[in-house]
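A.B. asks: work_38.pdb is reproduced below (PDB, C-alpha atoms).
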```pdb
ATOM      1  CA  GLN A   1     -16.451   9.102   0.336
ATOM      2  CA  VAL A   2     -14.090   6.141   0.039
ATOM      3  CA  HIS A   3     -13.375   3.887   2.994
ATOM      4  CA  LEU A   4     -10.139   1.883   2.964
ATOM      5  CA  VAL A   5      -9.343  -1.066   5.216
ATOM      6  CA  GLU A   6      -5.868  -2.613   5.342
ATOM      7  CA  SER A   7      -5.049  -6.141   6.439
ATOM      8  CA  GLY A   8      -2.170  -8.605   6.393
ATOM      9  CA  GLY A   9       0.404  -6.886   8.565
ATOM     10  CA  GLY A  10       2.278  -8.385  11.470
ATOM     11  CA  LEU A  11       5.647  -9.612  12.666
ATOM     12  CA  VAL A  12       8.009 -11.372  10.266
ATOM     13  CA  GLN A  13      11.655 -12.375  10.396
ATOM     14  CA  PRO A  14      14.234 -10.745   8.134
ATOM     15  CA  GLY A  15      14.123 -12.350   4.709
ATOM     16  CA  GLY A  16      10.491 -13.278   5.104
ATOM     17  CA  SER A  17       7.408 -12.218   3.169
ATOM     18  CA  LEU A  18       4.074 -10.586   3.845
ATOM     19  CA  ARG A  19       1.169  -9.572   1.643
ATOM     20  CA  LEU A  20      -0.827  -6.509   2.547
ATOM     21  CA  SER A  21      -4.354  -6.038   1.271
ATOM     22  CA  CYS A  22      -6.468  -2.916   1.122
ATOM     23  CA  THR A  23     -10.157  -3.152   0.317
ATOM     24  CA  ALA A  24     -12.105  -0.074  -0.722
ATOM     25  CA  SER A  25     -15.771   0.757  -0.434
ATOM     26  CA  GLY A  26     -17.875   3.768  -1.294
ATOM     27  CA  GLY A  27     -16.352   4.752  -4.612
ATOM     28  CA  ILE A  28     -15.645   3.540  -8.131
ATOM     29  CA  PHE A  29     -12.425   1.707  -7.390
ATOM     30  CA  ARG A  30     -11.109   1.451 -10.935
ATOM     31  CA  PHE A  31     -11.028   5.264 -11.270
ATOM     32  CA  TYR A  32      -8.505   5.664  -8.459
ATOM     33  CA  ASN A  33      -4.747   5.566  -8.417
ATOM     34  CA  MET A  34      -3.922   3.228  -5.542
ATOM     35  CA  GLY A  35      -0.796   3.512  -3.441
ATOM     36  CA  TRP A  36       0.993   2.202  -0.407
ATOM     37  CA  TYR A  37       2.901   4.527   1.884
ATOM     38  CA  ARG A  38       4.790   3.859   5.097
ATOM     39  CA  GLN A  39       5.813   5.789   8.148
ATOM     40  CA  ALA A  40       8.565   4.661  10.466
ATOM     41  CA  PRO A  41       8.803   6.014  14.018
ATOM     42  CA  GLY A  42      10.073   9.579  14.020
ATOM     43  CA  LYS A  43      10.025   9.826  10.234
ATOM     44  CA  GLN A  44       7.738  11.249   7.594
ATOM     45  CA  ARG A  45       5.264   9.192   5.631
ATOM     46  CA  VAL A  46       6.801   8.180   2.306
ATOM     47  CA  LEU A  47       5.637   6.537  -0.867
ATOM     48  CA  VAL A  48       6.329   2.809  -1.203
ATOM     49  CA  ALA A  49       4.488   1.964  -4.410
ATOM     50  CA  VAL A  50       1.695   3.281  -6.590
ATOM     51  CA  LEU A  51      -0.452   1.635  -9.243
ATOM     52  CA  THR A  52      -2.439   4.013 -11.394
ATOM     53  CA  SER A  53      -5.910   3.466 -12.768
ATOM     54  CA  GLY A  54      -4.227   2.983 -16.139
ATOM     55  CA  GLY A  55      -1.928   0.246 -14.875
ATOM     56  CA  SER A  56       1.356   2.117 -14.478
ATOM     57  CA  THR A  57       3.506   1.420 -11.448
ATOM     58  CA  ASN A  58       6.132   3.323  -9.529
ATOM     59  CA  TYR A  59       8.243   2.097  -6.609
ATOM     60  CA  ALA A  60      10.531   3.640  -4.065
ATOM     61  CA  ASP A  61      14.135   2.750  -4.831
ATOM     62  CA  SER A  62      14.441   1.015  -1.469
ATOM     63  CA  VAL A  63      11.812  -1.598  -2.367
ATOM     64  CA  LYS A  64      12.396  -2.134  -6.089
ATOM     65  CA  GLY A  65      12.823  -5.798  -6.887
ATOM     66  CA  ARG A  66      11.402  -6.863  -3.520
ATOM     67  CA  PHE A  67       7.870  -5.426  -3.394
ATOM     68  CA  THR A  68       5.094  -5.766  -5.964
ATOM     69  CA  ILE A  69       1.868  -3.770  -6.073
ATOM     70  CA  SER A  70      -1.186  -5.187  -7.813
ATOM     71  CA  ARG A  71      -4.911  -4.602  -7.892
ATOM     72  CA  ASP A  72      -8.099  -6.547  -8.461
ATOM     73  CA  ASN A  73     -10.754  -4.118  -9.639
ATOM     74  CA  ALA A  74     -13.476  -6.755  -9.373
ATOM     75  CA  ARG A  75     -12.697  -7.119  -5.648
ATOM     76  CA  ASN A  76     -11.989  -3.403  -5.048
ATOM     77  CA  THR A  77      -8.674  -4.469  -3.557
ATOM     78  CA  VAL A  78      -5.053  -3.446  -3.902
ATOM     79  CA  TYR A  79      -2.212  -5.660  -2.711
ATOM     80  CA  LEU A  80       1.397  -5.177  -1.718
ATOM     81  CA  GLN A  81       3.489  -8.316  -1.896
ATOM     82  CA  MET A  82       6.598  -7.787   0.195
ATOM     83  CA  ASN A  83       9.493 -10.225  -0.157
ATOM     84  CA  SER A  84      13.015 -10.303   1.260
ATOM     85  CA  LEU A  85      11.911  -8.078   4.098
ATOM     86  CA  LYS A  86      14.501  -6.113   6.035
ATOM     87  CA  PRO A  87      14.383  -4.552   9.499
ATOM     88  CA  GLU A  88      14.331  -1.134   7.827
ATOM     89  CA  ASP A  89      10.985  -2.035   6.258
ATOM     90  CA  THR A  90       9.449  -1.827   9.726
ATOM     91  CA  ALA A  91       6.756   0.853   9.674
ATOM     92  CA  VAL A  92       3.064   1.548   9.693
ATOM     93  CA  TYR A  93       1.835   0.984   6.156
ATOM     94  CA  TYR A  94      -1.005   3.089   4.787
ATOM     95  CA  CYS A  95      -3.219   2.498   1.794
ATOM     96  CA  ASN A  96      -4.112   5.514  -0.344
ATOM     97  CA  ALA A  97      -6.734   6.108  -3.021
ATOM     98  CA  ALA A  98      -6.351   9.227  -5.136
ATOM     99  CA  ASN A  99      -8.279  10.785  -7.976
ATOM    100  CA  VAL A 100      -7.955  14.401  -9.048
ATOM    101  CA  HIS A 101     -11.735  14.748  -9.338
ATOM    102  CA  TYR A 102     -13.005  12.469  -6.575
ATOM    103  CA  GLY A 103     -10.522  13.116  -3.800
ATOM    104  CA  ASN A 104      -7.717  11.608  -1.757
ATOM    105  CA  TYR A 105      -8.340   8.983   0.927
ATOM    106  CA  TRP A 106      -6.300   7.073   3.499
ATOM    107  CA  GLY A 107      -6.697   3.838   5.383
ATOM    108  CA  GLN A 108      -6.125   3.636   9.114
ATOM    109  CA  GLY A 109      -2.694   2.051   8.744
ATOM    110  CA  ILE A 110      -1.305  -1.356   9.623
ATOM    111  CA  GLN A 111       1.876  -2.282  11.452
ATOM    112  CA  VAL A 112       4.614  -4.285   9.766
ATOM    113  CA  THR A 113       7.517  -5.322  11.978
ATOM    114  CA  VAL A 114      10.586  -7.084  10.617
ATOM    115  CA  SER A 115      12.631  -8.520  13.442
ATOM    116  CA  SER A 116      14.337 -11.701  14.556
TER     117      SER A 116
END
```
Just give me the structure as structure tokens.

C.D. replies:
Amino acid sequence: QVHLVESGGGLVQPGGSLRLSCTASGGIFRFYNMGWYRQAPGKQRVLVAVLTSGGSTNYADSVKGRFTISRDNARNTVYLQMNSLKPEDTAVYYCNAANVHYGNYWGQGIQVTVSS
């Protein structure tokens, strides 16, 4: 069982930056593909970015060039650096850990609000 805890969300003005962190416990972190998803009010949860255990990345088109996912396996932590934030980035952001053998886990979610 993997437990994920997100931090770093909040309110930011358009054009600003935030860094989300997600710290894992209870599993072998380096074996998991780590991702960030988001869910805006009234919409489905969608992928924002993923960083595989092998180091490959994939981003939603809407965040390419603005967001960067990274991980620190020694700290069991994955990060999402979000720059040039837009009001449409407002959502609850969820951390995900996935491994085909060990399971799929979600954090509790953290609010990001981009507003002036």

A.B. asks: In Å, with one decimal, what is the gap from CA of Asn73 (chain A) to CA of Met34 (chain A)?

C.D. replies: 10.8 Å

A.B. asks: Go through A:Arg66, A:Thr52, A:Arg38, A:Gly15 and flag the residue nearest Ser116 (chain A), using only C-alpha atoms for the distances.

C.D. replies: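 Checking each candidate against Ser116 (chain A), we get A:Gly15 as the closest.
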
A.B. asks: Give me, please, the distance in Å between CA of Arg75 (chain A) and CA of His3 (chain A), quoted to one decimal.

C.D. replies: 14.0 Å

A.B. asks: So how far away is CA of Ser53 (chain A) from CA of His101 (chain A), in Å?

C.D. replies: 13.2 Å

A.B. asks: Between A:Val112, A:Leu47, A:Leu18, A:Ala97, which residue has the minimum interatomic distance to Asn33 (chain A), considering all atoms listed in the file?

C.D. replies: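 Comparing A:Val112, A:Leu47, A:Leu18, A:Ala97 against Asn33 (chain A), the winner is A:Ala97.
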
A.B. asks: From the set A:Asn76, A:Ser70, A:Thr90, A:Gln1, which residue has the shortest atom-to-atom contact distance to Gly103 (chain A), counting all atoms listed in the file?

C.D. replies: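 Selected residue with least distance to Gly103 (chain A): A:Gln1.
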
A.B. asks: Taking (-12.9, 1.5, -8.0) as a centre in this file's frame and 9 Å as the limit, can you find every polymer residue with an atom that close, using all atoms listed in the file, and give them as a list in words?

C.D. replies: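 The residues that fall inside the cut-off are Ala24, Ser25, Gly26, Gly27, Ile28, Phe29, Arg30, Phe31, Tyr32, Ser53, Asn73, Ala74, Arg75, Asn76 and Thr77 of chain A.
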
A.B. asks: Considering all atoms listed in the file, can you say which of A:Thr23, A:Ser115, A:Gln44, A:Thr57 comes closest to Pro87 (chain A)?

C.D. replies: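 Among the listed residues, the smallest separation from Pro87 (chain A) belongs to A:Ser115.
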
A.B. asks: Kindly indicate which residue among A:Pro14, A:Gly9, A:Pro41, A:Gly107 lies nearest to Gln81 (chain A), using all atoms listed in the file for the distances.

C.D. replies: A:Gly9

A.B. asks: Quick one: everything within 7 Å of Trp36 (chain A), counting all atoms listed in the file, minus sequence neighbours fewer than 4 positions away in the same chain. Send it as a compact mmCIF listing (two decimals) with C-alpha atoms, in the coordinates of the input.

C.D. replies:
```txt
# COMPACT_ATOMS: atom_id res chain seq x y z
CA LEU A 47 5.64 6.54 -0.87
CA VAL A 48 6.33 2.81 -1.20
CA ALA A 49 4.49 1.96 -4.41
CA VAL A 50 1.70 3.28 -6.59
CA TYR A 93 1.84 0.98 6.16
CA TYR A 94 -1.00 3.09 4.79
CA CYS A 95 -3.22 2.50 1.79
CA ASN A 96 -4.11 5.51 -0.34
```

A.B. asks: Pick the closest to Ser17 (chain A) from A:Val92, A:Ile69, A:Val46, A:Val114: which is it, counting all atoms listed in the file?

C.D. replies: A:Val114

A.B. asks: List as a JSON list (two decimals) with C-alpha atoms, in the coordinates of the input the protein and nucleic acid residues near Cys22 (chain A), meaning an atom at most 6 Å away when all atoms listed in the file are counted, but skip any in the same chain fewer than 6 places from it.

C.D. replies:
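Contents of part19.json, freshly written:
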```json
[["chain", "number", "residue", "atom", "x", "y", "z"],
["A", 5, "VAL", "CA", -9.34, -1.07, 5.22],
["A", 6, "GLU", "CA", -5.87, -2.61, 5.34],
["A", 77, "THR", "CA", -8.67, -4.47, -3.56],
["A", 78, "VAL", "CA", -5.05, -3.45, -3.90]]
```

A.B. asks: Box in all listed atoms of region 64-71 of chain A, axis-aligned, with 4 Å more on each side; write out centre and edge lengths in Å to one decimal as AutoDock Vina command-line options.

C.D. replies:
```
--center_x 4.0 --center_y -4.5 --center_z -5.6 --size_x 25.7 --size_y 12.7 --size_z 12.5
```

A.B. asks: Name every residue that the PyMOL selection byres ((chain A and resi 63) around 10) selects in this structure, writing the answer as a PDB file with C-alpha atoms, in the coordinates of the input with chains first and numbers rising.

C.D. replies:
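File expr_1.pdb, as written:
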```
ATOM      1  CA  VAL A  48       6.329   2.809  -1.203  1.00  0.00           C
ATOM      2  CA  ALA A  49       4.488   1.964  -4.410  1.00  0.00           C
ATOM      3  CA  TYR A  59       8.243   2.097  -6.609  1.00  0.00           C
ATOM      4  CA  ALA A  60      10.531   3.640  -4.065  1.00  0.00           C
ATOM      5  CA  ASP A  61      14.135   2.750  -4.831  1.00  0.00           C
ATOM      6  CA  SER A  62      14.441   1.015  -1.469  1.00  0.00           C
ATOM      7  CA  LYS A  64      12.396  -2.134  -6.089  1.00  0.00           C
ATOM      8  CA  GLY A  65      12.823  -5.798  -6.887  1.00  0.00           C
ATOM      9  CA  ARG A  66      11.402  -6.863  -3.520  1.00  0.00           C
ATOM     10  CA  PHE A  67       7.870  -5.426  -3.394  1.00  0.00           C
ATOM     11  CA  THR A  68       5.094  -5.766  -5.964  1.00  0.00           C
ATOM     12  CA  MET A  82       6.598  -7.787   0.195  1.00  0.00           C
ATOM     13  CA  ASN A  83       9.493 -10.225  -0.157  1.00  0.00           C
ATOM     14  CA  SER A  84      13.015 -10.303   1.260  1.00  0.00           C
ATOM     15  CA  LEU A  85      11.911  -8.078   4.098  1.00  0.00           C
ATOM     16  CA  LYS A  86      14.501  -6.113   6.035  1.00  0.00           C
ATOM     17  CA  ASP A  89      10.985  -2.035   6.258  1.00  0.00           C
TER      18      ASP A  89
END
```
